[in-house]
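Enquirer: TSV, N, CA and C atoms, file final33.tsv:
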chain	number	residue	atom	x	y	z
X	1	MET	N	106.45	87.93	75.51
X	1	MET	CA	106.35	88.26	74.10
X	1	MET	C	105.50	89.51	73.92
X	2	ILE	N	105.92	90.36	73.03
X	2	ILE	CA	105.18	91.57	72.69
X	2	ILE	C	104.49	91.34	71.35
X	3	GLU	N	103.19	91.62	71.31
X	3	GLU	CA	102.42	91.50	70.08
X	3	GLU	C	101.91	92.88	69.69
X	4	ARG	N	102.19	93.29	68.47
X	4	ARG	CA	101.75	94.59	67.96
X	4	ARG	C	100.74	94.38	66.85
X	5	GLN	N	99.64	95.13	66.90
X	5	GLN	CA	98.60	95.01	65.89
X	5	GLN	C	98.36	96.37	65.25
X	6	GLN	N	98.02	96.34	63.98
X	6	GLN	CA	97.75	97.56	63.21
X	6	GLN	C	98.92	98.54	63.33
X	7	THR	N	100.10	98.02	63.05
X	7	THR	CA	101.32	98.81	63.19
X	7	THR	C	101.58	99.64	61.94
X	8	LYS	N	101.90	100.89	62.16
X	8	LYS	CA	102.29	101.82	61.11
X	8	LYS	C	103.68	102.35	61.46
X	9	GLN	N	104.14	103.35	60.72
X	9	GLN	CA	105.48	103.87	60.94
X	9	GLN	C	105.67	104.43	62.36
X	10	ARG	N	104.70	105.19	62.86
X	10	ARG	CA	104.86	105.89	64.13
X	10	ARG	C	104.33	105.14	65.34
X	11	MET	N	103.37	104.23	65.13
X	11	MET	CA	102.75	103.59	66.29
X	11	MET	C	101.99	102.35	65.88
X	12	SER	N	101.69	101.56	66.89
X	12	SER	CA	100.77	100.44	66.75
X	12	SER	C	99.49	100.84	67.46
X	13	ARG	N	98.35	100.51	66.88
X	13	ARG	CA	97.08	100.85	67.52
X	13	ARG	C	96.85	100.01	68.77
X	14	ILE	N	97.34	98.77	68.76
X	14	ILE	CA	97.22	97.86	69.90
X	14	ILE	C	98.57	97.22	70.16
X	15	VAL	N	99.00	97.20	71.42
X	15	VAL	CA	100.20	96.45	71.82
X	15	VAL	C	99.79	95.60	73.01
X	16	LYS	N	100.14	94.30	72.93
X	16	LYS	CA	99.82	93.36	74.00
X	16	LYS	C	101.11	92.80	74.57
X	17	HIS	N	101.18	92.74	75.91
X	17	HIS	CA	102.36	92.21	76.58
X	17	HIS	C	101.95	91.65	77.94
X	18	ASN	N	102.26	90.38	78.17
X	18	ASN	CA	101.99	89.74	79.46
X	18	ASN	C	100.55	89.95	79.95
X	19	GLY	N	99.58	89.82	79.07
X	19	GLY	CA	98.18	89.94	79.46
X	19	GLY	C	97.67	91.36	79.62
X	20	THR	N	98.49	92.33	79.24
X	20	THR	CA	98.08	93.74	79.31
X	20	THR	C	97.99	94.31	77.90
X	21	ILE	N	96.96	95.09	77.68
X	21	ILE	CA	96.69	95.70	76.37
X	21	ILE	C	96.89	97.20	76.48
X	22	TYR	N	97.65	97.75	75.56
X	22	TYR	CA	97.89	99.19	75.50
X	22	TYR	C	97.31	99.70	74.18
X	23	LEU	N	96.43	100.67	74.25
X	23	LEU	CA	95.88	101.27	73.04
X	23	LEU	C	96.54	102.61	72.80
X	24	CYS	N	96.80	102.90	71.53
X	24	CYS	CA	97.33	104.23	71.21
X	24	CYS	C	96.22	105.26	71.46
X	25	GLY	N	96.58	106.51	71.50
X	25	GLY	CA	95.61	107.57	71.72
X	25	GLY	C	94.50	107.53	70.69
X	26	GLN	N	93.26	107.64	71.16
X	26	GLN	CA	92.10	107.62	70.28
X	26	GLN	C	91.42	108.99	70.30
X	27	VAL	N	91.01	109.41	69.12
X	27	VAL	CA	90.27	110.67	68.99
X	27	VAL	C	88.94	110.36	68.29
X	28	CYS	N	88.16	111.38	68.10
X	28	CYS	CA	86.83	111.23	67.53
X	28	CYS	C	86.86	110.83	66.06
X	29	ALA	N	85.69	110.45	65.57
X	29	ALA	CA	85.53	110.12	64.16
X	29	ALA	C	85.36	111.37	63.30
X	30	ASP	N	84.80	112.44	63.88
X	30	ASP	CA	84.52	113.67	63.14
X	30	ASP	C	84.80	114.88	64.02
X	31	ALA	N	85.89	115.55	63.76
X	31	ALA	CA	86.32	116.68	64.60
X	31	ALA	C	85.47	117.94	64.42
X	32	THR	N	84.51	117.92	63.49
X	32	THR	CA	83.62	119.09	63.36
X	32	THR	C	82.49	119.06	64.38
X	33	LYS	N	82.35	117.95	65.10
X	33	LYS	CA	81.26	117.79	66.07
X	33	LYS	C	81.63	118.41	67.41
X	34	ASP	N	80.63	118.53	68.31
X	34	ASP	CA	80.86	119.11	69.63
X	34	ASP	C	81.53	118.09	70.56
X	35	ILE	N	81.83	118.50	71.77
X	35	ILE	CA	82.56	117.65	72.71
X	35	ILE	C	81.79	116.37	73.02
X	36	THR	N	80.48	116.43	73.11
X	36	THR	CA	79.69	115.24	73.41
X	36	THR	C	79.84	114.20	72.31
X	37	GLU	N	79.65	114.59	71.07
X	37	GLU	CA	79.78	113.64	69.96
X	37	GLU	C	81.22	113.20	69.76
X	38	GLN	N	82.18	114.09	69.96
X	38	GLN	CA	83.58	113.68	69.85
X	38	GLN	C	83.91	112.62	70.91
X	39	THR	N	83.43	112.82	72.12
X	39	THR	CA	83.69	111.85	73.18
X	39	THR	C	82.99	110.52	72.89
X	40	GLU	N	81.76	110.56	72.44
X	40	GLU	CA	81.02	109.33	72.12
X	40	GLU	C	81.72	108.51	71.05
X	41	THR	N	82.14	109.15	69.97
X	41	THR	CA	82.77	108.39	68.88
X	41	THR	C	84.18	107.94	69.26
X	42	MET	N	84.87	108.73	70.07
X	42	MET	CA	86.18	108.32	70.57
X	42	MET	C	86.04	107.05	71.41
X	43	LEU	N	85.08	107.01	72.30
X	43	LEU	CA	84.87	105.84	73.15
X	43	LEU	C	84.38	104.64	72.36
X	44	ALA	N	83.63	104.87	71.30
X	44	ALA	CA	83.21	103.77	70.42
X	44	ALA	C	84.44	103.14	69.76
X	45	LYS	N	85.42	103.95	69.40
X	45	LYS	CA	86.65	103.42	68.82
X	45	LYS	C	87.42	102.60	69.86
X	46	VAL	N	87.43	103.06	71.11
X	46	VAL	CA	88.07	102.30	72.18
X	46	VAL	C	87.38	100.94	72.33
X	47	ASP	N	86.04	100.94	72.34
X	47	ASP	CA	85.30	99.67	72.43
X	47	ASP	C	85.74	98.71	71.33
X	48	GLN	N	85.81	99.19	70.10
X	48	GLN	CA	86.16	98.33	68.97
X	48	GLN	C	87.58	97.78	69.11
X	49	LEU	N	88.51	98.63	69.48
X	49	LEU	CA	89.89	98.16	69.65
X	49	LEU	C	90.02	97.16	70.79
X	50	LEU	N	89.29	97.38	71.88
X	50	LEU	CA	89.33	96.44	72.99
X	50	LEU	C	88.79	95.08	72.56
X	51	ILE	N	87.72	95.06	71.81
X	51	ILE	CA	87.18	93.80	71.30
X	51	ILE	C	88.21	93.10	70.43
X	52	GLU	N	88.83	93.85	69.51
X	52	GLU	CA	89.85	93.27	68.63
X	52	GLU	C	91.02	92.69	69.43
X	53	ALA	N	91.32	93.31	70.56
X	53	ALA	CA	92.46	92.88	71.38
X	53	ALA	C	92.09	91.78	72.36
X	54	GLY	N	90.81	91.44	72.45
X	54	GLY	CA	90.39	90.40	73.38
X	54	GLY	C	90.07	90.91	74.77
X	55	SER	N	89.48	92.09	74.84
X	55	SER	CA	89.15	92.69	76.12
X	55	SER	C	87.82	93.45	76.00
X	56	SER	N	87.52	94.25	77.02
X	56	SER	CA	86.30	95.06	77.02
X	56	SER	C	86.47	96.21	78.01
X	57	ARG	N	85.50	97.08	78.03
X	57	ARG	CA	85.59	98.23	78.94
X	57	ARG	C	85.59	97.82	80.41
X	58	GLU	N	85.04	96.63	80.74
X	58	GLU	CA	85.07	96.14	82.11
X	58	GLU	C	86.48	95.79	82.56
X	59	SER	N	87.40	95.64	81.63
X	59	SER	CA	88.78	95.26	81.95
X	59	SER	C	89.76	96.41	81.81
X	60	ILE	N	89.26	97.64	81.65
X	60	ILE	CA	90.17	98.78	81.58
X	60	ILE	C	90.81	99.01	82.94
X	61	LEU	N	92.12	99.08	82.95
X	61	LEU	CA	92.88	99.32	84.18
X	61	LEU	C	93.11	100.80	84.41
X	62	SER	N	93.42	101.51	83.33
X	62	SER	CA	93.79	102.92	83.45
X	62	SER	C	93.40	103.67	82.17
X	63	ALA	N	92.99	104.90	82.35
X	63	ALA	CA	92.68	105.77	81.22
X	63	ALA	C	93.27	107.15	81.49
X	64	THR	N	93.89	107.71	80.47
X	64	THR	CA	94.35	109.10	80.53
X	64	THR	C	93.59	109.87	79.47
X	65	ILE	N	92.87	110.90	79.90
X	65	ILE	CA	92.04	111.68	78.99
X	65	ILE	C	92.65	113.08	78.86
X	66	TYR	N	92.81	113.50	77.63
X	66	TYR	CA	93.35	114.82	77.32
X	66	TYR	C	92.19	115.66	76.78
X	67	VAL	N	91.93	116.79	77.42
X	67	VAL	CA	90.83	117.67	77.03
X	67	VAL	C	91.41	119.02	76.61
X	68	LYS	N	90.94	119.52	75.50
X	68	LYS	CA	91.48	120.78	74.99
X	68	LYS	C	91.25	121.94	75.96
X	69	SER	N	90.06	122.02	76.54
X	69	SER	CA	89.75	123.08	77.50
X	69	SER	C	88.93	122.51	78.65
X	70	MET	N	89.51	122.43	79.82
X	70	MET	CA	88.78	121.91	80.97
X	70	MET	C	87.58	122.79	81.30
X	71	SER	N	87.75	124.09	81.21
X	71	SER	CA	86.64	124.98	81.56
X	71	SER	C	85.49	124.88	80.57
X	72	ASP	N	85.78	124.61	79.30
X	72	ASP	CA	84.73	124.53	78.29
X	72	ASP	C	84.15	123.13	78.10
X	73	HIS	N	84.94	122.07	78.34
X	73	HIS	CA	84.53	120.74	77.92
X	73	HIS	C	84.52	119.65	78.98
X	74	PHE	N	85.06	119.91	80.16
X	74	PHE	CA	85.22	118.85	81.16
X	74	PHE	C	83.89	118.25	81.59
X	75	ALA	N	82.91	119.06	81.91
X	75	ALA	CA	81.62	118.55	82.40
X	75	ALA	C	80.91	117.71	81.34
X	76	ALA	N	80.87	118.19	80.11
X	76	ALA	CA	80.17	117.45	79.04
X	76	ALA	C	80.91	116.15	78.71
X	77	MET	N	82.23	116.18	78.71
X	77	MET	CA	83.00	114.96	78.47
X	77	MET	C	82.72	113.96	79.58
X	78	ASN	N	82.70	114.41	80.82
X	78	ASN	CA	82.44	113.52	81.95
X	78	ASN	C	81.05	112.91	81.90
X	79	ALA	N	80.06	113.64	81.41
X	79	ALA	CA	78.71	113.09	81.30
X	79	ALA	C	78.70	111.88	80.37
X	80	VAL	N	79.42	111.97	79.26
X	80	VAL	CA	79.51	110.85	78.32
X	80	VAL	C	80.32	109.72	78.95
X	81	TRP	N	81.45	110.06	79.54
X	81	TRP	CA	82.30	109.06	80.20
X	81	TRP	C	81.53	108.29	81.26
X	82	ASP	N	80.81	109.02	82.13
X	82	ASP	CA	80.08	108.38	83.23
X	82	ASP	C	79.03	107.40	82.71
X	83	ALA	N	78.39	107.72	81.60
X	83	ALA	CA	77.39	106.83	81.02
X	83	ALA	C	78.04	105.61	80.35
X	84	TRP	N	79.26	105.77	79.90
X	84	TRP	CA	79.98	104.71	79.16
X	84	TRP	C	80.63	103.69	80.08
X	85	VAL	N	81.16	104.12	81.21
X	85	VAL	CA	81.87	103.22	82.13
X	85	VAL	C	80.83	102.37	82.88
X	86	PRO	N	80.97	101.04	82.80
X	86	PRO	CA	80.02	100.18	83.52
X	86	PRO	C	80.11	100.40	85.03
X	87	GLU	N	78.98	100.41	85.69
X	87	GLU	CA	78.95	100.62	87.13
X	87	GLU	C	79.80	99.57	87.83
X	88	GLY	N	80.66	100.03	88.71
X	88	GLY	CA	81.53	99.14	89.45
X	88	GLY	C	82.84	98.82	88.75
X	89	TYR	N	83.07	99.35	87.55
X	89	TYR	CA	84.27	99.04	86.77
X	89	TYR	C	85.08	100.30	86.42
X	90	ALA	N	84.96	101.34	87.20
X	90	ALA	CA	85.72	102.57	86.91
X	90	ALA	C	87.21	102.29	87.02
X	91	PRO	N	87.97	102.62	85.96
X	91	PRO	CA	89.42	102.41	86.00
X	91	PRO	C	90.11	103.55	86.76
X	92	ALA	N	91.40	103.35	87.03
X	92	ALA	CA	92.21	104.48	87.46
X	92	ALA	C	92.19	105.48	86.30
X	93	ARG	N	92.11	106.77	86.61
X	93	ARG	CA	91.96	107.74	85.52
X	93	ARG	C	92.68	109.03	85.86
X	94	ALA	N	93.27	109.61	84.83
X	94	ALA	CA	93.82	110.96	84.91
X	94	ALA	C	93.18	111.76	83.79
X	95	CYS	N	92.96	113.03	84.04
X	95	CYS	CA	92.38	113.90	83.01
X	95	CYS	C	93.14	115.22	83.07
X	96	VAL	N	93.69	115.61	81.93
X	96	VAL	CA	94.50	116.82	81.88
X	96	VAL	C	94.09	117.70	80.70
X	97	GLU	N	94.32	118.97	80.84
X	97	GLU	CA	94.12	119.89	79.73
X	97	GLU	C	95.37	119.85	78.87
X	98	ALA	N	95.17	119.77	77.54
X	98	ALA	CA	96.32	119.63	76.65
X	98	ALA	C	96.04	120.24	75.28
X	99	SER	N	97.10	120.68	74.64
X	99	SER	CA	97.01	121.07	73.23
X	99	SER	C	96.79	119.81	72.41
X	100	MET	N	96.03	119.91	71.36
X	100	MET	CA	95.73	118.75	70.52
X	100	MET	C	96.54	118.78	69.24
X	101	ALA	N	96.66	117.62	68.62
X	101	ALA	CA	97.44	117.50	67.38
X	101	ALA	C	96.81	118.30	66.24
X	102	ARG	N	95.48	118.42	66.28
X	102	ARG	CA	94.76	119.23	65.28
X	102	ARG	C	93.85	120.20	66.03
X	103	GLU	N	93.69	121.36	65.51
X	103	GLU	CA	92.94	122.43	66.17
X	103	GLU	C	91.50	122.03	66.51
X	104	ALA	N	90.83	121.29	65.66
X	104	ALA	CA	89.42	120.96	65.87
X	104	ALA	C	89.19	119.85	66.89
X	105	LEU	N	90.23	119.11	67.23
X	105	LEU	CA	90.07	118.04	68.22
X	105	LEU	C	89.87	118.62	69.61
X	106	LEU	N	88.92	118.04	70.34
X	106	LEU	CA	88.60	118.52	71.68
X	106	LEU	C	88.98	117.54	72.78
X	107	VAL	N	89.17	116.25	72.42
X	107	VAL	CA	89.42	115.23	73.44
X	107	VAL	C	90.17	114.05	72.82
X	108	GLU	N	91.03	113.44	73.62
X	108	GLU	CA	91.76	112.24	73.22
X	108	GLU	C	91.91	111.35	74.45
X	109	ILE	N	91.98	110.04	74.24
X	109	ILE	CA	92.12	109.12	75.36
X	109	ILE	C	93.18	108.07	75.04
X	110	SER	N	93.91	107.67	76.08
X	110	SER	CA	94.86	106.57	76.01
X	110	SER	C	94.42	105.56	77.08
X	111	VAL	N	94.38	104.28	76.70
X	111	VAL	CA	93.80	103.25	77.58
X	111	VAL	C	94.77	102.08	77.75
X	112	ILE	N	94.80	101.55	78.96
X	112	ILE	CA	95.49	100.31	79.29
X	112	ILE	C	94.44	99.37	79.88
X	113	ALA	N	94.41	98.14	79.37
X	113	ALA	CA	93.40	97.17	79.82
X	113	ALA	C	94.03	95.80	80.01
X	114	ALA	N	93.33	94.96	80.73
X	114	ALA	CA	93.74	93.57	80.91
X	114	ALA	C	93.08	92.72	79.82
X	115	GLU	N	93.78	91.70	79.38
X	115	GLU	CA	93.15	90.73	78.47
X	115	GLU	C	92.12	89.93	79.26
X	116	GLN	N	91.08	89.48	78.58
X	116	GLN	CA	90.07	88.66	79.26
X	116	GLN	C	90.31	87.21	78.98
Please re-express this file's structure in structure tokens.

Expert:
Amino acid sequence: MIERQQTKQRMSRIVKHNGTIYLCGQVCADATKDITEQTETMLAKVDQLLIEAGSSRESILSATIYVKSMSDHFAAMNAVWDAWVPEGYAPARACVEASMAREALLVEISVIAAEQ
């Protein structure tokens, strides 16, 4: 069975299937902030969605991170990421440079996690 939560016309924020949770792409709360604050608030949104879905950051299986400029933002984004991921629970991860949906956005993440 597929369960969709917070569904709108284009996407569901959470999709659950066979014990796996898929989150739609998450961006920051305030795009006027720098990469550090954008990454922090983006990850806070991931935390909240994982809780709503019955999971946590310890159960993240895979993360794909999209960064507007690797040369400008990769190191600072990684500093926030490294502090956020619990020791011993690093998921499979890909990180790519990408154009963003809005000019001011610097980072976006897509997450797949296991239900707890």

Enquirer: May I ask which of the residues X:Ala31, X:Val15, X:Ser56, X:Trp81 is the closest one to Glu103 of chain X, counting all atoms listed in the file?

Expert: X:Ala31

Enquirer: Show which residues sit within 7 Å of segment 41-49 of chain X, as a list in words. Count all atoms listed in the file, and ignore same-chain residues fewer than 6 positions away.

Expert: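 My list of contacting residues is Gln26, Val27, Cys28, Ala29, Asp30, Ser55, Ser56 and Arg57 of chain X.
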
Enquirer: Given the selection you just returned, output its residues as a file containing N, CA and C atoms, formatted as a PDB file, in the coordinates of the input.

Expert:
ATOM      1  N   GLN X  26      93.260 107.640  71.160  1.00  0.00           N
ATOM      2  CA  GLN X  26      92.100 107.620  70.280  1.00  0.00           C
ATOM      3  C   GLN X  26      91.420 108.990  70.300  1.00  0.00           C
ATOM      4  N   VAL X  27      91.010 109.410  69.120  1.00  0.00           N
ATOM      5  CA  VAL X  27      90.270 110.670  68.990  1.00  0.00           C
ATOM      6  C   VAL X  27      88.940 110.360  68.290  1.00  0.00           C
ATOM      7  N   CYS X  28      88.160 111.380  68.100  1.00  0.00           N
ATOM      8  CA  CYS X  28      86.830 111.230  67.530  1.00  0.00           C
ATOM      9  C   CYS X  28      86.860 110.830  66.060  1.00  0.00           C
ATOM     10  N   ALA X  29      85.690 110.450  65.570  1.00  0.00           N
ATOM     11  CA  ALA X  29      85.530 110.120  64.160  1.00  0.00           C
ATOM     12  C   ALA X  29      85.360 111.370  63.300  1.00  0.00           C
ATOM     13  N   ASP X  30      84.800 112.440  63.880  1.00  0.00           N
ATOM     14  CA  ASP X  30      84.520 113.670  63.140  1.00  0.00           C
ATOM     15  C   ASP X  30      84.800 114.880  64.020  1.00  0.00           C
ATOM     16  N   SER X  55      89.480  92.090  74.840  1.00  0.00           N
ATOM     17  CA  SER X  55      89.150  92.690  76.120  1.00  0.00           C
ATOM     18  C   SER X  55      87.820  93.450  76.000  1.00  0.00           C
ATOM     19  N   SER X  56      87.520  94.250  77.020  1.00  0.00           N
ATOM     20  CA  SER X  56      86.300  95.060  77.020  1.00  0.00           C
ATOM     21  C   SER X  56      86.470  96.210  78.010  1.00  0.00           C
ATOM     22  N   ARG X  57      85.500  97.080  78.030  1.00  0.00           N
ATOM     23  CA  ARG X  57      85.590  98.230  78.940  1.00  0.00           C
ATOM     24  C   ARG X  57      85.590  97.820  80.410  1.00  0.00           C
TER      25      ARG X  57
END

Enquirer: What's the 6 Å shell around Ser59 of chain X, counting all atoms listed in the file, without same-chain residues fewer than 3 positions away, as JSON, numbers by chain?

Expert: {"X": [56, 112, 113, 114]}

Enquirer: Which of segment 31-107 of chain X counts as alpha helix (DSSP H) under DSSP, as number ranges by chain please?

Expert: X: 35-53, 70-84

Enquirer: Could you check which of X:Val111, X:Ala76, X:Met100, X:Leu105 is closest to Thr36 of chain X, using only C-alpha atoms?

Expert: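 That would be X:Ala76, the residue with the smallest distance to Thr36 of chain X.
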